[in-house]
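**Student:** Structure below; questions to follow.
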Amino acid sequence: MAFLEIEDLAFTYEDLIMRFDLAVEAGECIGIIGPSGAGKSTLLSLIGGFERPLGGTIRVDNTDITHLPPADRPVTTLFQDFNLFPHLSTAQNIGLGRNPGLKLNAADEEQVAWALRQVGLEGFEGRLPGQLSGGERQRVALARSLIRHRPLLLLDEPFAALGPALRVEMLELTDLLRKAQGLTVLLVTHDPNEAARIATRTAFIAAGKVAMFGPTRAVLDSERSEIREYLGR
Amino acid sequence: MTLPRLGLITAALIAAAVVADYAVLLSGASAADLHDLATDTYLRRVVGFTFLQATLSATIAIAAAVPTTRALARQSAFPGRNLILQFCALPMVMPAVAAIFGIVAVYGRSGYVAELSGVFGSEWRPSIYGLTGILIAHVFFNLPLAIRLLLPAWSTVPGETWRLTAQLGMSSGQIFRLIELPLLRQYVPAALAFIFTLCFLSFAVVLTLGGGPRATTLEVAIYQALRLDVDLAQGGALAVLQTLACLVLVAIAWMTSRRLDFGRGTRLNTARFDGLSFGARLRDFITIVLAMGFVALPLAALVFDGLRGLFFTRQNLWSLLDAVAVTLTLGLPAGLLATVLAYPIAVAADRLRASNAATILIGIAGLAGIIASPMAIGAGITLALTGRIDLYAIAPAGVVAMNALLTLPFAVGVLRPAVARNHAQYDRLCAGLGIAGRDRFRVVEWPMLRPAIGLAFGLTTAASMGDLAAIALFGNQNLTNLTLLLYNQIAAYRMQTASGTALVLLALCLLSFVVIERAVGGRSRSLGLS
């Protein structure tokens, strides 16, 4: 059994009927590419528990999580933006990952400090999100993902709003953390270079289905017309 | 002359009139009068009661609005939600005196609530006159307003935030404490101050439901000094006091409003995960039904009793029709005047916003109807003209002018965003094509602004028709509109007759609003302008 098993997961949005099948091994980093509106973000929303599937199952580590509320899943999602509450400090935003009511004890504070070190933001505890750069904000969100200790990390174009150099830096940080913490990562991206840089395997999603799934290089170099069209080759 | 300059001159004239008004008041009120005011126990009680009722009214309205708005925000798929939100706009165009009739019919001594408790053998007879009645009426008017003021707070929260709360496993209480409370702290103070000001200046409610000297506010005291005691000096002194208090209130409202920006989310219509459970849905449903029931019951009673009153009592048809004619003759010009004055002011406000002097002038003109109490304005006019002109003869003009001035802020408020949007979107295109002046108004502004102009004209007309302050100050046996007729009937406890008048007044206001908004606004809603 694979670590993450998605079987016949059905969902409809407007006219698009989606059916997903996917099996991911523990510790992998999977790139998810495909045209806009094909269902990439929907797939992540379904795994994260933000949308309800019409049928099918999602299993993580042999446990059926299809009907669990978002907070009870062994999953944490990072959005492209708005991952932080603007009126809470960096430490509070991260602390929410330990206690959703912000009642933090000494051990929790210790964890917050540890997570900040992991993302290279020591000393940023008191800053408000408005005082941080876009890259720093995503680092804080990443720190909260770490503190939740969920084995499956879903990234929904988290670095799309950043400049090229910063994007590479964040990708490398993510990959480093994945290896250090033993995480399994699903990364939705519009940039084939991002997938090529850190994804072991890549899924190409078109019209609500996983149209091709294999080693990243093989998918990106595929001669299939829909992939060539999408990549502009 | 260019439009912005015309707007600036209009604003300057209005501001000058307001300032002159106060100059007259101040010169009329000697230091001795002001000293008398400070030592007079009756007046001290009036001031105390004014603050007390406004504080309680605003607090209760907001306290009831917070859970209701939260329920409405959380249940975005609630059946009839849009209808409820439109219904919440109703009290804004509803004549106060007509609504008061409905409130008395439901919550009064022999109202439906008392009757219902009688069925269960209770001897309880609620007393609607005095503080209780004033509070009920103020909450009736301001609960829907508060809901409309607070609801935008929730729409500033991006969908990602709600997903985040679900991912972190926040409970409903934790969401309230960590997200909604900080959010409300941005919106509640300004809403509270605004509603406080409205209740502070409230005239019709207090005049009708206030029980004698124990339950009188400054606004009513000014009216009594001017109209009943004909003590112009005391009326003037009271008006100055009233306005000083309002200026302080507006300043407080200004200072307390601070914006918290959650940013614009990408997923706007994400469900609230904490509102999905059956318990949460039931709680929200009960909250919404209770709040809306409180507002809807008096309206239902008004319609029901009104129909009975119209058909089964011998209402003097001619006096009713006469009042309808007076209402239309005074209300339409007032609404038209307010809208015509508001348009150049709105244009000037957008074009000249870089100039501080212009901003201040336009601010004074636009706010005159809110900061200055209607009675203070009326008092100034009365003081200035007494002994010079026959007040009787200029009464209709006085009512129209006063109503236009009082409703001007609403018209400017409606027109300004639409005008600003037009400027921002089409200035460069018009400059490129050489469309300017009258052509620009005909080809670009009028078709684009029609919905906003229609809305402003409809609102100001309905508000003028339902206003009691101006007609109470200037009206007489030969100049009685529906609001004054209704007030006289309620004051004489002729409730059966009053019920018919109340319904006619309500119908006329709503009908005028709808007809004007449709006729002037046209069918250009499909452009997605409003």
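We name chains A, B, ... following the order of the structure tokens; residues begin at 1 in each chain, and ligands are numbered from 1 as shown.
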Once DSSP has gone over the backbone, tell me which residues of range 2-206 of chain A are in alpha helix (DSSP H), as a ChimeraX atom specification.

**Tutor:** /A:40-48,90-95,106-118,134-147,164-181,192-198

**Student:** I'd like a table as JSON lines: residues in chain A with an atom no more than 7 Å from chain B, each row giving the shortest atom pair and its distance in Å to one decimal, only C-alpha atoms counted, sorted by chain and rising residue number.

**Tutor:**
{"residue": "A:Phe50", "atom": "CA", "partner": "B:Arg163", "partner_atom": "CA", "distance": 6.6}
{"residue": "A:Pro70", "atom": "CA", "partner": "B:Gln167", "partner_atom": "CA", "distance": 4.8}
{"residue": "A:Ala71", "atom": "CA", "partner": "B:Gln167", "partner_atom": "CA", "distance": 4.3}
{"residue": "A:Phe82", "atom": "CA", "partner": "B:Glu160", "partner_atom": "CA", "distance": 6.1}
{"residue": "A:Pro86", "atom": "CA", "partner": "B:Phe262", "partner_atom": "CA", "distance": 6.0}
{"residue": "A:Leu96", "atom": "CA", "partner": "B:Leu168", "partner_atom": "CA", "distance": 7.0}
{"residue": "A:Gly97", "atom": "CA", "partner": "B:Leu168", "partner_atom": "CA", "distance": 6.1}
{"residue": "A:Pro100", "atom": "CA", "partner": "B:Met170", "partner_atom": "CA", "distance": 5.0}
{"residue": "A:Gly101", "atom": "CA", "partner": "B:Gln174", "partner_atom": "CA", "distance": 5.4}

**Student:** Could you give me, as a ChimeraX atom specification, the residues within 10 Å of Asp322 in chain B, counting only C-alpha atoms and dropping anything in the same chain fewer than 2 positions from it?

**Tutor:** /B:317-320,324-327,478-482

**Student:** Using only C-alpha atoms, which residue out of B:Leu473, B:Met465, B:Leu181, B:Leu282 lies closest to Pro95 in chain B?

**Tutor:** B:Met465

**Student:** List as a PDB file with C-alpha atoms, in the first residue's frame the protein and nucleic acid residues near Leu207 in chain B, meaning an atom at most 8 Å away when only C-alpha atoms are counted, but skip any in the same chain fewer than 4 places from it.

**Tutor:**
ATOM      1  CA  PHE B 203     -37.146  63.612  17.036  1.00  0.00           C
ATOM      2  CA  THR B 216     -37.627  64.429  26.700  1.00  0.00           C
ATOM      3  CA  VAL B 220     -37.679  67.781  21.420  1.00  0.00           C
TER       4      VAL B 220
END

**Student:** Determine, counting only C-alpha atoms, which protein, DNA and RNA residues have an atom within 10 Å of an atom of Arg178 in chain A; residues of the same chain fewer than 4 positions away are not included. Present the result as JSON, numbers by chain.

**Tutor:** {"A": [27, 28, 29, 146, 151, 152, 153, 172, 173, 174, 182, 183, 184, 185]}

**Student:** Pick from B:Asn316, B:Ser122, B:Thr407, B:Thr41: nearest to Met92 in chain B, with only C-alpha atoms counted?

**Tutor:**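 Ranked by minimum distance to Met92 in chain B, first place goes to B:Thr407.
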
**Student:** Which one is closest to Thr59 in chain B: B:Ala12, B:Ala96, B:Ile136, B:Ile195? Count only C-alpha atoms.

**Tutor:** B:Ile195

**Student:** Considering only C-alpha atoms, state which residue in the set B:Ile9, B:Ile516, B:Ile389, B:Ile134 is at the smallest distance from Val206 in chain B.

**Tutor:**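 Ranked by minimum distance to Val206 in chain B, first place goes to B:Ile134.
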
**Student:** I'd like to know which of A:Glu226, A:Glu110, A:Glu51, A:Asp21 is closest to Glu7 in chain A, using only C-alpha atoms.

**Tutor:**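 Of all the options, A:Asp21 lies closest to Glu7 in chain A.
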
**Student:** Could you give me, as a PDB file with N, CA and C atoms, in the first residue's frame, the residues within 7 Å of Val93 in chain B, counting only C-alpha atoms and dropping anything in the same chain fewer than 5 positions from it?

**Tutor:**
ATOM      1  N   LEU B 459     -34.351  58.051  -2.520  1.00  0.00           N
ATOM      2  CA  LEU B 459     -34.077  58.057  -1.080  1.00  0.00           C
ATOM      3  C   LEU B 459     -34.429  59.392  -0.444  1.00  0.00           C
ATOM      4  N   ALA B 462     -38.291  59.982  -0.404  1.00  0.00           N
ATOM      5  CA  ALA B 462     -38.980  59.170   0.600  1.00  0.00           C
ATOM      6  C   ALA B 462     -38.661  59.674   2.006  1.00  0.00           C
ATOM      7  N   ALA B 463     -37.378  60.017   2.238  1.00  0.00           N
ATOM      8  CA  ALA B 463     -36.989  60.499   3.563  1.00  0.00           C
ATOM      9  C   ALA B 463     -37.667  61.830   3.875  1.00  0.00           C
TER      10      ALA B 463
END

**Student:** Mind giving me the straight-line distance from CA of Pro4 in chain B to CA of Gly521 in chain B in Å, one decimal?

**Tutor:**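 Separation of CA of Pro4 in chain B and CA of Gly521 in chain B: 23.0 Å.
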
**Student:** Select from range 39-86 of chain A everything DSSP, run on the backbone, classes as strand (DSSP E or B), then give the selection as a PyMOL selection string.

**Tutor:** chain A and resi 55-60+63-64+75-78

**Student:** Using N, CA and C atoms, can you export the residues from the last selection as a compact mmCIF listing (two decimals), in the first residue's frame?

**Tutor:**
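Written out: part_39.txt:
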# COMPACT_ATOMS: atom_id res chain seq x y z
N GLY A 55 -17.77 11.07 -4.31
CA GLY A 55 -17.54 9.63 -4.14
C GLY A 55 -16.05 9.37 -4.12
N GLY A 56 -15.68 8.12 -3.86
CA GLY A 56 -14.28 7.75 -3.86
C GLY A 56 -13.68 7.82 -2.47
N THR A 57 -12.39 7.46 -2.36
CA THR A 57 -11.76 7.46 -1.04
C THR A 57 -10.38 8.11 -1.08
N ILE A 58 -9.99 8.66 0.08
CA ILE A 58 -8.63 9.15 0.29
C ILE A 58 -8.10 8.40 1.50
N ARG A 59 -6.98 7.69 1.32
CA ARG A 59 -6.38 6.98 2.45
C ARG A 59 -4.97 7.52 2.67
N VAL A 60 -4.63 7.76 3.94
CA VAL A 60 -3.26 8.13 4.29
C VAL A 60 -2.77 7.10 5.29
N THR A 63 -5.28 4.63 6.55
CA THR A 63 -6.46 5.09 7.26
C THR A 63 -7.33 5.89 6.30
N ASP A 64 -8.63 5.61 6.29
CA ASP A 64 -9.56 6.34 5.43
C ASP A 64 -9.83 7.71 6.04
N VAL A 75 -2.75 16.15 7.52
CA VAL A 75 -2.44 16.97 6.35
C VAL A 75 -2.34 18.41 6.79
N THR A 76 -1.46 19.18 6.15
CA THR A 76 -1.50 20.63 6.36
C THR A 76 -1.31 21.32 5.01
N THR A 77 -2.09 22.38 4.77
CA THR A 77 -2.10 23.04 3.47
C THR A 77 -1.50 24.43 3.58
N LEU A 78 -0.69 24.79 2.60
CA LEU A 78 -0.15 26.15 2.52
C LEU A 78 -0.76 26.81 1.29

**Student:** Need to verify the contact set: range 234-241 of chain B, 6 Å, only C-alpha atoms, exclusion of same-chain residues closer than 5 positions in sequence. Can you return it as a ChimeraX atom specification?

**Tutor:** /B:25,29,222,225-226,376

**Student:** As an exercise, work out the distance from CA of Thr132 in chain B to CA of Ala472 in chain B in Å and give it to one decimal place.

**Tutor:**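 Atom-to-atom, CA of Thr132 in chain B and CA of Ala472 in chain B are spaced 23.7 Å apart.
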
**Student:** Quick one, how far is CA of Gly208 in chain A from CA of Leu162 in chain A?

**Tutor:**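 Atom-to-atom, CA of Gly208 in chain A and CA of Leu162 in chain A are spaced 27.6 Å apart.
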